[in-house]
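Notes follow once the structure below has been shown.
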Amino acid sequence: MITILVACGSGVATSTLAAEEVKSVCSEYGITSYKINKCSMSELPSEMSHADVVLTTNNYKGDIGKPHMSVAGFITGINEVALRKKLGEILTELAKS
């Protein structure tokens, strides 16, 4: 089971939109064993220890120590194809381990 953490400013609006896109990427790459949690950026430091991969809609400069990427493109539509591919590759690798 891959635990995916999606963080945004408030932990509600854009993380929910991004989480829907993450579900779509999981489906596209045949990943069925996953759980998505959402949080705010201020909750991120305490929540990331429970995740296998951290996705943020805002910039985060701290040390995460696990796969991390910005998924702001799911909100803006900018470079969304490349973003879906990169996320799919990360999730596929995590699914193998």
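Labeling convention for the structure tokens: chains A, B, ... as they appear, residues from 1 per chain, ligands from 1 in order of appearance.
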
> Hey, what does DSSP flag as strand (DSSP E or B) within chain A? Can you give it to me as an MDAnalysis selection string?
Replying inline: chainID A and resid 2:8 34:40 53:56 68:70

Would you give me, as a Markdown table, each residue of region 1-52 of chain A having an atom within 10 Å of an atom of region 79-87 of chain A, along with its shortest atom pair and that distance in Å to one decimal, using only C-alpha atoms and sorting by chain and residue number?
```
| residue | atom | partner | partner_atom | distance |
| --- | --- | --- | --- | --- |
| A:Glu21 | CA | A:Arg84 | CA | 8.4 |
| A:Val22 | CA | A:Leu87 | CA | 8.1 |
| A:Ser24 | CA | A:Arg84 | CA | 9.1 |
| A:Val25 | CA | A:Arg84 | CA | 6.3 |
| A:Cys26 | CA | A:Leu87 | CA | 8.9 |
| A:Glu28 | CA | A:Arg84 | CA | 9.3 |
| A:Tyr29 | CA | A:Lys85 | CA | 9.3 |
```

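Among the candidates A:Ser49, A:Ser33, A:Ser97, A:Thr14, the one nearest to Asp63 (chain A) when counting only C-alpha atoms is A:Ser49.
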
> Nearest to Met1 (chain A): which of A:Cys39, A:Leu44, A:Val53, A:Ile75 is it, counting only C-alpha atoms?
Replying inline: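 Using only C-alpha atoms, the shortest distance to Met1 (chain A) belongs to A:Val53.
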
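Proximity ranking of A:Ile31, A:Ala7, A:Val54, A:Ala18 relative to Glu89 (chain A) places A:Ile31 first, based on only C-alpha atoms.
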
> Of the candidates A:Gly30, A:Gly77, A:Pro45, A:Pro67, which shows the shortest atom-to-atom distance to Thr92 (chain A), using only C-alpha atoms?
Replying inline: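 Closest to Thr92 (chain A) of all the choices is A:Gly30.
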
> Can you list, as a PyMOL selection string, every protein, DNA or RNA residue that comes within 12 Å of Ser46 (chain A) when you count only C-alpha atoms, leaving out same-chain residues fewer than 5 positions away?
Replying inline: chain A and resi 5+7+39-41+51+64

> Per DSSP on the backbone, what are the helix (DSSP H, G or I) residues of chain A, as a PyMOL selection string?
Replying inline: chain A and resi 13-28+44-50+73-76+80-96

> Given the choices A:Ile2, A:Ala95, A:Leu55, A:Ile90, which gets closest to Lys38 (chain A) if the distance is worked out from only C-alpha atoms?
Replying inline: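 With only C-alpha atoms as the atom set, the closest residue is A:Leu55.
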
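The coordinates place CA of Glu20 (chain A) at 20.4 Å from CA of Glu43 (chain A).
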